[in-house]
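Shown below: final05.txt, with compact mmCIF, C-alpha atoms.
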```
# COMPACT_ATOMS: atom_id res chain seq x y z
CA MET A 4 4.49 -2.84 15.19
CA ILE A 5 4.99 -5.02 12.10
CA LYS A 6 6.44 -7.78 14.30
CA ARG A 7 3.43 -7.54 16.61
CA LEU A 8 1.19 -8.10 13.58
CA ASN A 9 3.07 -11.41 13.16
CA LEU A 10 3.21 -11.16 9.38
CA THR A 11 5.05 -13.94 7.57
CA ASN A 12 7.10 -13.64 4.42
CA SER A 13 4.48 -15.61 2.50
CA TYR A 14 2.30 -13.83 -0.03
CA LYS A 15 -0.23 -16.69 -0.03
CA PRO A 16 -2.76 -15.20 2.44
CA VAL A 17 -2.91 -11.78 0.73
CA VAL A 18 -2.97 -13.33 -2.74
CA PHE A 19 -5.87 -15.51 -1.61
CA LEU A 20 -7.64 -12.42 -0.25
CA TRP A 21 -7.23 -10.44 -3.47
CA LEU A 22 -8.30 -13.37 -5.63
CA ALA A 23 -11.31 -14.01 -3.37
CA VAL A 24 -12.30 -10.33 -3.71
CA SER A 25 -11.93 -10.57 -7.49
CA ILE A 26 -14.04 -13.72 -7.74
CA PHE A 27 -16.71 -12.36 -5.42
CA CYS A 28 -16.99 -9.14 -7.46
CA TRP A 29 -17.16 -11.16 -10.67
CA GLN A 30 -20.00 -13.42 -9.53
CA TYR A 31 -21.91 -10.53 -7.97
CA LYS A 32 -21.68 -8.43 -11.12
CA TYR A 33 -22.01 -11.16 -13.75
CA PHE A 34 -24.96 -13.08 -12.34
CA ASN A 35 -26.84 -9.85 -11.63
CA ASN A 36 -26.13 -8.52 -15.13
CA ARG A 37 -24.30 -5.49 -13.74
CA TYR A 38 -21.05 -5.63 -15.72
CA ASN A 39 -21.55 -2.59 -17.93
CA ASN A 40 -17.89 -1.50 -17.75
CA TYR A 41 -16.71 -4.89 -18.95
CA SER A 42 -19.18 -4.63 -21.83
CA ILE A 43 -17.53 -1.32 -22.78
CA PHE A 44 -14.08 -2.95 -22.66
CA ASP A 45 -15.31 -5.92 -24.68
CA GLY A 46 -16.85 -3.52 -27.17
CA VAL A 47 -13.54 -1.73 -27.78
CA TYR A 48 -12.15 -4.88 -29.38
CA HIS A 49 -15.25 -5.72 -31.42
CA HIS A 50 -15.73 -2.13 -32.62
CA THR A 51 -12.07 -1.93 -33.62
CA VAL A 52 -12.41 -5.07 -35.71
CA ALA A 53 -15.69 -3.79 -37.22
CA GLN A 54 -14.16 -0.32 -37.67
CA THR A 55 -17.04 1.46 -35.99
CA ASN A 56 -16.42 4.57 -33.88
CA LEU A 57 -14.82 3.58 -30.58
CA TYR A 58 -16.20 6.62 -28.75
CA ALA A 59 -19.77 6.71 -29.98
CA PRO A 60 -22.62 5.62 -27.69
CA TYR A 61 -23.99 2.11 -28.24
CA PRO A 62 -27.13 2.00 -26.07
CA ALA A 63 -28.05 -1.48 -27.34
CA GLU A 64 -24.76 -2.80 -25.92
CA TYR A 65 -24.00 -0.63 -22.89
CA TYR A 66 -24.58 2.79 -21.36
CA ASP A 67 -21.85 5.43 -21.08
CA THR A 68 -19.01 5.51 -23.62
CA ASN A 69 -15.44 4.30 -24.00
CA HIS A 70 -12.56 6.61 -23.02
CA TYR A 71 -9.60 4.30 -23.59
CA GLY A 72 -7.14 4.60 -26.46
CA PRO A 73 -7.20 2.37 -29.58
CA PHE A 74 -4.32 0.23 -28.26
CA PHE A 75 -6.67 -0.99 -25.53
CA SER A 76 -8.36 -3.14 -28.21
CA LEU A 77 -5.31 -5.42 -28.20
CA VAL A 78 -5.14 -5.58 -24.39
CA VAL A 79 -8.75 -6.67 -24.07
CA ALA A 80 -8.70 -8.93 -27.17
CA PRO A 81 -7.75 -12.19 -25.34
CA PHE A 82 -10.73 -11.71 -23.05
CA ALA A 83 -13.20 -10.36 -25.63
CA VAL A 84 -12.87 -13.42 -27.90
CA LEU A 85 -13.99 -15.69 -25.05
CA PRO A 86 -17.57 -16.16 -23.82
CA THR A 87 -18.51 -13.12 -21.77
CA GLY A 88 -18.65 -14.85 -18.40
CA LEU A 89 -15.25 -16.49 -18.82
CA GLY A 90 -13.63 -13.38 -20.29
CA PHE A 91 -14.94 -11.21 -17.47
CA PHE A 92 -13.77 -13.77 -14.87
CA LEU A 93 -10.23 -13.86 -16.27
CA TRP A 94 -10.23 -10.06 -16.58
CA ASN A 95 -10.79 -9.70 -12.84
CA LEU A 96 -8.08 -12.23 -12.03
CA MET A 97 -5.68 -10.48 -14.40
CA ASN A 98 -6.20 -7.14 -12.66
CA ALA A 99 -5.34 -8.72 -9.31
CA GLY A 100 -2.41 -10.79 -10.54
CA VAL A 101 -0.65 -8.02 -12.45
CA LEU A 102 -0.72 -5.54 -9.55
CA ILE A 103 0.37 -8.16 -7.01
CA TRP A 104 3.25 -9.08 -9.31
CA ALA A 105 4.27 -5.44 -9.63
CA VAL A 106 4.24 -4.90 -5.86
CA THR A 107 6.50 -7.93 -5.33
CA LEU A 108 9.13 -6.17 -7.48
CA LEU A 109 9.40 -3.16 -5.18
CA PRO A 110 12.74 -2.83 -3.33
CA LEU A 111 11.12 -3.27 0.08
CA ALA A 112 11.23 -6.04 2.64
CA ASN A 113 8.68 -8.78 1.96
CA LYS A 114 6.71 -8.06 5.13
CA ARG A 115 6.36 -4.43 4.05
CA LYS A 116 5.09 -5.44 0.62
CA ILE A 117 2.62 -7.90 2.09
CA LEU A 118 1.38 -5.22 4.48
CA LEU A 119 1.10 -2.80 1.57
CA LEU A 120 -1.21 -5.20 -0.27
CA LEU A 121 -3.30 -5.70 2.87
CA LEU A 122 -3.66 -1.95 3.45
CA CYS A 123 -4.73 -1.46 -0.16
CA SER A 124 -7.37 -4.20 -0.02
CA ILE A 125 -10.36 -1.89 0.47
CA GLU A 126 -9.44 0.30 -2.50
CA PHE A 127 -8.71 -2.82 -4.53
CA ALA A 128 -12.20 -4.10 -3.72
CA ASN A 129 -13.63 -0.73 -4.77
CA THR A 130 -11.92 -0.82 -8.16
CA GLN A 131 -12.84 -4.48 -8.78
CA HIS A 132 -16.45 -3.76 -7.84
CA SER A 133 -16.45 -0.99 -10.44
CA ILE A 134 -14.72 -3.21 -13.05
CA GLN A 135 -11.74 -1.03 -13.87
CA PHE A 136 -8.30 -1.23 -15.49
CA ASN A 137 -6.69 0.96 -12.84
CA PRO A 138 -4.76 -1.83 -11.04
CA VAL A 139 -2.85 -2.50 -14.26
CA ILE A 140 -2.20 1.23 -14.75
CA ALA A 141 -0.57 1.33 -11.29
CA ALA A 142 1.40 -1.80 -12.15
CA PHE A 143 2.67 -0.25 -15.40
CA LEU A 144 4.29 2.63 -13.49
CA ILE A 145 5.93 0.21 -11.06
CA PHE A 146 7.16 -1.97 -13.95
CA SER A 147 8.70 1.04 -15.69
CA PHE A 148 10.45 2.07 -12.46
CA TYR A 149 11.69 -1.50 -11.90
CA PHE A 150 13.13 -1.93 -15.39
CA LEU A 151 14.79 1.47 -15.34
CA GLU A 152 16.52 0.53 -12.08
CA LYS A 153 17.67 -2.63 -13.87
CA LYS A 154 19.05 -0.40 -16.67
CA ARG A 155 16.60 -1.86 -19.18
CA GLU A 156 15.33 1.30 -20.84
CA GLU A 157 13.72 -0.68 -23.64
CA TRP A 158 11.28 -2.32 -21.21
CA ALA A 159 10.88 0.66 -18.90
CA THR A 160 9.72 2.85 -21.78
CA LEU A 161 7.43 0.11 -23.12
CA PHE A 162 5.19 0.33 -20.06
CA ILE A 163 5.23 4.13 -20.05
CA VAL A 164 4.32 4.51 -23.72
CA ILE A 165 1.87 1.62 -24.02
CA GLY A 166 0.21 2.67 -20.78
CA ALA A 167 -0.14 6.24 -22.05
CA LEU A 168 -1.68 4.96 -25.29
CA ILE A 169 -4.32 3.22 -23.18
CA LYS A 170 -5.13 5.70 -20.42
CA LEU A 171 -2.69 8.65 -20.49
CA TYR A 172 -1.83 8.35 -16.76
CA PRO A 173 1.44 6.39 -17.21
CA ILE A 174 2.88 9.24 -19.27
CA ILE A 175 4.01 10.67 -15.94
CA GLY A 176 6.61 7.91 -16.00
CA LEU A 177 8.58 10.14 -18.38
CA ALA A 178 9.79 11.83 -15.19
CA PHE A 179 11.94 8.71 -14.70
CA PHE A 180 13.96 9.91 -17.71
CA MET A 181 16.08 11.89 -15.25
CA PHE A 182 17.10 8.66 -13.48
CA SER A 183 18.26 6.96 -16.69
CA LYS A 184 21.98 6.70 -17.31
CA ARG A 185 21.26 6.08 -21.00
CA LYS A 186 19.05 9.01 -21.79
CA GLY A 187 19.54 8.67 -25.55
CA ALA A 188 18.34 5.06 -25.42
CA PHE A 189 15.39 6.11 -23.23
CA ALA A 190 14.29 8.74 -25.76
CA LEU A 191 14.84 6.44 -28.76
CA TRP A 192 12.82 3.62 -27.24
CA CYS A 193 10.00 6.03 -26.43
CA VAL A 194 9.79 6.90 -30.12
CA ILE A 195 10.02 3.25 -31.19
CA TRP A 196 7.29 2.10 -28.80
CA ALA A 197 5.06 5.03 -29.75
CA ILE A 198 5.25 4.00 -33.42
CA VAL A 199 4.69 0.34 -32.56
CA GLY A 200 1.84 1.19 -30.20
CA VAL A 201 0.03 3.26 -32.79
CA CYS A 202 0.55 0.75 -35.60
CA LEU A 203 -0.14 -2.59 -33.86
CA PRO A 204 -3.94 -2.15 -33.59
CA MET A 205 -3.95 -1.68 -37.37
CA LEU A 206 -3.37 -5.46 -37.60
CA ILE A 207 -6.95 -6.08 -36.45
CA SER A 208 -8.43 -3.02 -38.15
CA SER A 209 -7.06 -0.53 -40.71
CA PRO A 210 -4.51 2.30 -40.66
CA HIS A 211 -7.11 4.94 -41.47
CA PHE A 212 -9.50 3.78 -38.75
CA ILE A 213 -6.81 3.68 -36.04
CA LEU A 214 -5.44 7.11 -36.91
CA GLN A 215 -8.95 8.54 -36.95
CA SER A 216 -9.64 6.82 -33.62
CA HIS A 217 -6.73 8.65 -32.01
CA LEU A 218 -8.26 11.94 -33.09
CA ASP A 219 -11.66 10.79 -31.83
CA TRP A 220 -10.04 9.79 -28.53
CA TYR A 221 -8.65 13.31 -28.08
CA HIS A 222 -12.11 14.84 -28.60
CA SER A 223 -13.66 12.24 -26.29
CA LEU A 224 -11.27 13.12 -23.46
CA SER A 225 -11.75 16.85 -24.02
CA ASP A 226 -15.53 16.48 -23.78
CA LYS A 227 -15.26 14.21 -20.75
CA ASN A 228 -13.08 16.75 -18.95
CA ILE A 229 -15.93 19.27 -19.14
CA VAL A 230 -18.57 16.76 -18.05
CA ASN A 231 -16.49 15.58 -15.07
CA ILE A 232 -16.63 18.93 -13.29
CA GLY A 233 -19.57 19.34 -10.94
CA LEU A 234 -20.28 20.00 -7.28
CA ASN A 235 -21.93 16.60 -6.91
CA SER A 236 -19.98 14.75 -9.59
CA ALA A 237 -18.73 11.24 -8.87
CA GLN A 238 -15.58 12.32 -10.68
CA ASP A 239 -13.20 15.28 -10.36
CA LEU A 240 -11.96 13.84 -7.05
CA SER A 241 -8.85 15.94 -7.44
CA VAL A 242 -7.05 18.84 -5.77
CA MET A 243 -8.85 21.35 -7.97
CA GLY A 244 -12.11 19.46 -7.54
CA VAL A 245 -11.85 19.82 -3.77
CA VAL A 246 -11.30 23.58 -4.10
CA ARG A 247 -14.22 23.90 -6.53
CA ARG A 248 -16.54 22.06 -4.15
CA ILE A 249 -15.47 23.90 -1.01
CA THR A 250 -15.89 27.28 -2.73
CA SER A 251 -18.92 26.18 -4.80
CA ASN A 252 -17.16 27.81 -7.74
CA LEU A 253 -17.10 25.69 -10.90
CA THR A 254 -15.19 28.35 -12.85
CA ILE A 255 -11.93 27.69 -11.00
CA PRO A 256 -9.53 26.56 -13.75
CA ASN A 257 -7.34 23.44 -13.77
CA ILE A 258 -4.18 25.02 -15.16
CA PRO A 259 -2.82 26.67 -11.95
CA PHE A 260 -3.17 23.39 -10.05
CA LEU A 261 -1.64 21.33 -12.85
CA ALA A 262 1.25 23.80 -12.96
CA VAL A 263 1.89 23.35 -9.23
CA GLY A 264 1.88 19.56 -9.58
CA ALA A 265 4.20 19.64 -12.59
CA ILE A 266 6.61 22.21 -11.14
CA THR A 267 7.00 20.46 -7.80
CA LEU A 268 7.65 17.11 -9.52
CA GLY A 269 10.04 18.81 -11.93
CA LEU A 270 12.01 20.42 -9.12
CA ALA A 271 12.23 17.08 -7.31
CA VAL A 272 13.70 15.20 -10.28
CA LEU A 273 16.25 17.98 -10.78
CA ARG A 274 17.93 17.10 -7.45
CA VAL A 275 20.62 15.11 -9.24
CA LYS A 276 22.75 14.61 -6.12
CA GLN A 277 19.93 12.54 -4.57
CA PHE A 278 19.74 10.11 -7.50
CA SER A 279 22.25 7.75 -5.88
CA TYR A 280 19.72 7.03 -3.13
CA GLN A 281 17.11 4.43 -3.96
CA SER A 282 14.86 5.75 -1.20
CA PHE A 283 14.70 9.09 -3.06
CA LYS A 284 13.79 7.48 -6.37
CA LEU A 285 11.24 5.22 -4.69
CA GLN A 286 9.59 8.29 -3.17
CA VAL A 287 9.45 9.89 -6.64
CA LEU A 288 7.65 6.77 -7.88
CA ALA A 289 5.20 7.05 -4.97
CA LEU A 290 4.63 10.73 -5.76
CA CYS A 291 3.97 9.97 -9.44
CA LEU A 292 1.37 7.36 -8.52
CA MET A 293 -0.41 9.97 -6.42
CA ILE A 294 -0.06 12.94 -8.79
CA VAL A 295 -1.78 11.24 -11.74
CA VAL A 296 -4.89 10.83 -9.58
CA LEU A 297 -4.78 14.00 -7.50
CA PHE A 298 -4.44 16.27 -10.53
CA SER A 299 -6.95 14.63 -12.88
CA THR A 300 -10.57 15.69 -13.33
CA GLY A 301 -11.26 12.10 -14.38
CA SER A 302 -10.40 10.74 -10.94
CA GLU A 303 -13.24 8.84 -9.29
CA PRO A 304 -13.37 6.45 -6.30
CA PRO A 305 -12.06 3.36 -8.16
CA THR A 306 -9.14 5.38 -9.54
CA TYR A 307 -7.72 5.66 -6.04
CA ILE A 308 -6.20 2.19 -6.18
CA ILE A 309 -3.39 3.97 -8.05
CA ALA A 310 -3.01 6.72 -5.45
CA ILE A 311 -3.14 4.41 -2.45
CA ILE A 312 -0.36 2.24 -3.86
CA GLY A 313 1.80 5.38 -4.00
CA ALA A 314 0.76 6.48 -0.52
CA MET A 315 1.56 3.10 1.02
CA ILE A 316 4.89 2.79 -0.78
CA TYR A 317 5.87 6.07 0.85
CA LEU A 318 4.54 5.25 4.32
CA LEU A 319 5.97 1.73 4.43
CA ALA A 320 9.37 2.86 3.15
CA GLN A 321 9.88 4.64 6.47
CA GLN A 322 12.03 3.51 9.38
CA SER A 323 8.97 3.84 11.64
CA PRO A 324 5.84 3.54 9.48
CA PHE A 325 3.64 3.38 12.57
CA SER A 326 4.77 6.58 14.23
CA ASN A 327 1.81 8.67 15.38
CA GLY A 328 1.84 10.86 12.27
CA ASN A 329 2.27 7.97 9.81
CA LEU A 330 -0.33 5.87 11.59
CA ALA A 331 -2.82 8.72 11.28
CA PHE A 332 -2.22 8.82 7.52
CA ILE A 333 -2.57 5.04 7.24
CA ILE A 334 -5.90 5.06 9.08
CA LEU A 335 -7.25 8.07 7.17
CA ILE A 336 -6.18 6.76 3.77
CA ALA A 337 -6.51 2.98 4.02
CA LEU A 338 -9.68 2.90 6.08
CA LEU A 339 -11.67 6.13 6.05
CA ALA A 340 -10.82 7.27 2.50
CA GLY A 341 -11.29 3.72 1.25
CA LEU A 342 -14.78 3.55 2.74
CA ALA A 343 -15.73 7.17 1.92
CA SER A 344 -17.63 6.31 -1.25
CA THR A 345 -19.24 3.10 0.04
CA ASP A 346 -22.35 2.26 2.03
CA ALA A 347 -20.14 1.81 5.11
CA ILE A 348 -20.61 5.56 5.56
CA PRO A 349 -24.34 6.29 6.18
CA ALA A 350 -25.98 8.15 3.29
CA PHE A 351 -27.04 11.08 5.48
CA ILE A 352 -23.35 11.71 6.19
CA ARG A 353 -21.83 10.54 2.92
CA LYS A 354 -23.89 12.53 0.42
CA PRO A 355 -24.10 16.02 1.98
CA TYR A 356 -20.60 16.02 3.46
CA VAL A 357 -18.15 13.28 2.44
CA SER A 358 -19.16 13.16 -1.24
CA ARG A 359 -20.18 16.81 -1.59
CA TYR A 360 -16.78 18.06 -0.43
CA ALA A 361 -14.70 15.17 -1.84
CA MET A 362 -13.38 14.40 1.64
CA LYS A 363 -11.86 11.17 0.32
CA VAL A 364 -9.17 13.32 -1.30
CA TRP A 365 -8.20 15.39 1.75
CA PRO A 366 -5.74 13.01 3.44
CA TYR A 367 -4.08 12.34 0.09
CA ILE A 368 -3.55 16.06 -0.46
CA ALA A 369 -1.94 16.41 2.98
CA LEU A 370 0.33 13.42 2.35
CA TRP A 371 1.24 14.71 -1.12
CA ALA A 372 2.35 18.03 0.43
CA LYS A 373 4.47 16.20 3.00
CA MET A 374 6.11 14.05 0.31
CA VAL A 375 6.85 17.07 -1.89
CA TYR A 376 8.45 18.93 1.02
CA GLU A 377 10.73 15.99 1.79
CA LEU A 378 11.70 15.46 -1.86
CA LEU A 379 12.62 19.13 -2.23
CA MET A 380 14.29 19.74 1.14
CA SER A 381 15.61 16.49 2.63
CA ASP A 382 18.95 14.76 2.22
CA PHE A 383 18.16 11.07 1.74
CA GLY A 384 21.65 9.82 2.66
CA ASN A 385 20.99 9.09 6.35
CA LYS A 386 17.54 7.71 5.61
CA GLU A 387 19.03 5.31 3.06
CA LYS A 388 21.59 4.00 5.55
CA GLN A 389 18.94 3.42 8.21
CA LEU A 390 16.56 1.63 5.85
CA LYS A 391 19.28 -0.66 4.53
CA ALA A 392 20.63 -1.39 8.00
CA ALA A 393 17.13 -2.43 9.09
CA ASN A 394 16.75 -4.56 5.93
CA ILE A 395 13.72 -2.50 4.92
CA LEU A 396 15.19 -1.35 1.61
CA HIS A 397 17.29 -3.45 -0.74
CA PRO A 398 18.54 -3.11 -4.32
CA ILE A 399 16.02 -3.78 -7.08
CA GLY A 400 15.97 -7.39 -8.19
CA THR A 401 17.92 -8.83 -5.23
CA PRO A 402 16.39 -11.21 -2.69
CA GLU A 403 15.74 -9.99 0.81
CA GLN A 404 18.66 -10.75 3.11
CA PRO A 405 18.19 -11.94 6.70
CA LEU A 406 19.00 -9.45 9.42
CA GLN A 407 22.44 -9.89 10.95
CA THR A 408 22.40 -10.20 14.72
CA ALA A 409 25.31 -9.64 17.02
CA SER A 410 26.92 -12.78 18.39
```
This entry written out as structure tokens:
Amino acid sequence: MIKRLNLTNSYKPVVFLWLAVSIFCWQYKYFNNRYNNYSIFDGVYHHTVAQTNLYAPYPAEYYDTNHYGPFFSLVVAPFAVLPTGLGFFLWNLMNAGVLIWAVTLLPLANKRKILLLLLCSIEFANTQHSIQFNPVIAAFLIFSFYFLEKKREEWATLFIVIGALIKLYPIIGLAFFMFSKRKGAFALWCVIWAIVGVCLPMLISSPHFILQSHLDWYHSLSDKNIVNIGLNSAQDLSVMGVVRRITSNLTIPNIPFLAVGAITLGLAVLRVKQFSYQSFKLQVLALCLMIVVLFSTGSEPPTYIIAIIGAMIYLLAQQSPFSNGNLAFIILIALLAGLASTDAIPAFIRKPYVSRYAMKVWPYIALWAKMVYELLMSDFGNKEKQLKAANILHPIGTPEQPLQTAS
């Protein structure tokens, strides 16, 4: 199937597509004065410097409020010091470039990685249209996985800790601890980066303000968690959100669902005998990318760029990614779920059905269950041999080798 698509090993066409999407979204939002989210990001830096509450409303500057950690002020600083139009333009390009770079580091054949980027294009357009940081969050988890496979715990933990200090999600990368052969170094570097990550923003503000901002951030997220839940909410696109909407019962708690997600992941990373198989560890990475979205009340349509990266890593790391079952998942996730929250679905269908029952999430839940079953029950030895023989999977950091043909 991939051969019939006639994909080349060149990333140029898909890079051009992603950059074109980023530029189009920038000009559409900027010249129509519809870049509220970027104004919030920009404000995080300026409010940190001015030492004014990062989580208070500022209706004269933007609507809604910030929900990113104090460290985000340093991430957005290079863009916030520029004129708004230029800073916003570079922000969009950065989101595209960082995630593309991360995907190129995956231990998959180039054609698979190019196809992955193509299949994620709709969700990428959704997140760029909404002006989000989610592409970088997905990239952080891939970077941490990559560096851990390279036995560079100091860099692997950097992306986990710094990412968590920005938007909590990358904290799930701590599951990679089980794959580390230098667990003491992994733990030590987590502590070091946590101290550095908390202290660095103090350079543009003050110790008291940054420490207080972390407390304010906690209260902000707690309040947001309550607000997210609703039968017609644009957020809570999660496993528990689907159950709440189907049953019309908003009192259903999060804890049982979070426990299931945590326990299944925990059981998977306890299968020590499978750690020698890169296909197993790659599937754990894919699962982590999906879990952080599927089990968060803060998940909304643009958050699904993280989940779809995980879904496509799993599907394209198969010997036959276009088998009937896998093809059904690809169509449901890449096309239908990607378009579920857009005007491509007529409003008379989207609002009372697709949005009301969070149908965007359904195929992801089914795929998550399939991935969990395999991680808990399958022996990845034969799968690894087949993937390497077909040149689909190769060691992290090594160039793709040409297929050997019989003489």
Point-to-point distance in Å for atom CA of Phe189 of chain A and atom CA of Glu156 of chain A: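 Rounded to one decimal, the two atoms are 5.4 Å apart.
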Nearest-residue call for Lys170 of chain A, choices A:Phe75, A:Tyr307, A:Trp192, A:Phe148, using only C-alpha atoms: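 Using only C-alpha atoms, the shortest distance to Lys170 of chain A belongs to A:Phe75.
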d(atom CA of Leu191 of chain A, atom CA of Phe212 of chain A) in Å: 26.4 Å
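Using all atoms listed in the file, the smallest distance between any of A:Val139, A:Ile294, A:Ile207, A:Met181 and Ser279 of chain A comes from A:Met181.
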Atomic separation - atom CA of Asn98 of chain A relative to atom CA of Asn329 of chain A, Å: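 Value for the atom CA of Asn329 of chain A-atom CA of Asn98 of chain A distance: 28.4 Å.
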Counting all atoms listed in the file, the residue of A:Ile266, A:Ile26, A:Val230, A:Ala369 that sits nearest Gln131 of chain A: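 Selected residue with least distance to Gln131 of chain A: A:Ile26.
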Shell of 8 Å around segment 111-125 of chain A, all atoms listed in the file, local chain residues under 3 positions omitted, as a PDB file with C-alpha atoms, keeping the file's coordinate frame:
```
ATOM      1  CA  ILE A   5       4.990  -5.020  12.100  1.00  0.00           C
ATOM      2  CA  LEU A  10       3.210 -11.160   9.380  1.00  0.00           C
ATOM      3  CA  THR A  11       5.050 -13.940   7.570  1.00  0.00           C
ATOM      4  CA  ASN A  12       7.100 -13.640   4.420  1.00  0.00           C
ATOM      5  CA  SER A  13       4.480 -15.610   2.500  1.00  0.00           C
ATOM      6  CA  TYR A  14       2.300 -13.830  -0.030  1.00  0.00           C
ATOM      7  CA  VAL A  17      -2.910 -11.780   0.730  1.00  0.00           C
ATOM      8  CA  TRP A  21      -7.230 -10.440  -3.470  1.00  0.00           C
ATOM      9  CA  ILE A 103       0.370  -8.160  -7.010  1.00  0.00           C
ATOM     10  CA  VAL A 106       4.240  -4.900  -5.860  1.00  0.00           C
ATOM     11  CA  THR A 107       6.500  -7.930  -5.330  1.00  0.00           C
ATOM     12  CA  ALA A 128     -12.200  -4.100  -3.720  1.00  0.00           C
ATOM     13  CA  ASN A 129     -13.630  -0.730  -4.770  1.00  0.00           C
ATOM     14  CA  ILE A 308      -6.200   2.190  -6.180  1.00  0.00           C
ATOM     15  CA  ILE A 311      -3.140   4.410  -2.450  1.00  0.00           C
ATOM     16  CA  ILE A 312      -0.360   2.240  -3.860  1.00  0.00           C
ATOM     17  CA  MET A 315       1.560   3.100   1.020  1.00  0.00           C
ATOM     18  CA  ILE A 316       4.890   2.790  -0.780  1.00  0.00           C
ATOM     19  CA  LEU A 319       5.970   1.730   4.430  1.00  0.00           C
ATOM     20  CA  ALA A 320       9.370   2.860   3.150  1.00  0.00           C
ATOM     21  CA  ALA A 337      -6.510   2.980   4.020  1.00  0.00           C
ATOM     22  CA  LEU A 338      -9.680   2.900   6.080  1.00  0.00           C
ATOM     23  CA  GLY A 341     -11.290   3.720   1.250  1.00  0.00           C
ATOM     24  CA  LEU A 342     -14.780   3.550   2.740  1.00  0.00           C
ATOM     25  CA  ASN A 394      16.750  -4.560   5.930  1.00  0.00           C
ATOM     26  CA  ILE A 395      13.720  -2.500   4.920  1.00  0.00           C
ATOM     27  CA  LEU A 396      15.190  -1.350   1.610  1.00  0.00           C
ATOM     28  CA  HIS A 397      17.290  -3.450  -0.740  1.00  0.00           C
ATOM     29  CA  GLU A 403      15.740  -9.990   0.810  1.00  0.00           C
TER      30      GLU A 403
END
```
Among the residues A:Pro349, A:Gly269, A:Pro204, A:Asn228, the one that comes closest to Gln54 of chain A [using only C-alpha atoms]: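 When distances to Gln54 of chain A are compared using only C-alpha atoms, the smallest one comes from A:Pro204.
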For Asp67 of chain A, the nearest of the candidates A:Ser25, A:Ser216, A:Ser236, A:Ser42, counting only C-alpha atoms: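 Comparing A:Ser25, A:Ser216, A:Ser236, A:Ser42 against Asp67 of chain A, the winner is A:Ser42.
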10 Å contact set for Lys154 of chain A, all atoms listed in the file, chain neighbours under 3 positions out, as number ranges by chain: A: 148-151, 157-159, 182-185, 189
Closest of A:Ile145, A:Val24, A:Leu330, A:Ala361 to Leu102 of chain A - atom-to-atom distances counting only C-alpha atoms: A:Ile145
Long-range neighbours of Gly72 of chain A as a list in words, 7 Å cut-off, only C-alpha atoms, 6 positions minimum in chain: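 Close residues of Gly72 of chain A: Leu168, Ile169, Lys170, His217 and Trp220 of chain A.
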Please produce an output containing C-alpha atoms for each residue in the selection, written as a PDB file, keeping the file's coordinate frame.
```pdb
ATOM      1  CA  LEU A 168      -1.680   4.960 -25.290  1.00  0.00           C
ATOM      2  CA  ILE A 169      -4.320   3.220 -23.180  1.00  0.00           C
ATOM      3  CA  LYS A 170      -5.130   5.700 -20.420  1.00  0.00           C
ATOM      4  CA  HIS A 217      -6.730   8.650 -32.010  1.00  0.00           C
ATOM      5  CA  TRP A 220     -10.040   9.790 -28.530  1.00  0.00           C
TER       6      TRP A 220
END
```
Output, as lines of an AutoDock Vina configuration file, the centre and edge lengths in Å (one decimal) of the axis-aligned box that contains all listed atoms of segment 295-311 of chain A with 5 Å of margin on each side.
```
center_x = -7.6
center_y = 9.2
center_z = -8.4
size_x = 21.6
size_y = 24.1
size_z = 21.9
```
Residues within 9 Å of Cys193 of chain A, all atoms listed in the file, excluding chain neighbours under 5 positions, as a ChimeraX atom specification: /A:157,160-161,163-164,188,198
Point (-0.5, 1.3, -21.5), cut-off 12 Å, counting all atoms listed in the file, residues as a ChimeraX atom specification: /A:71-79,136-144,146-147,159-176,196-197,200-201
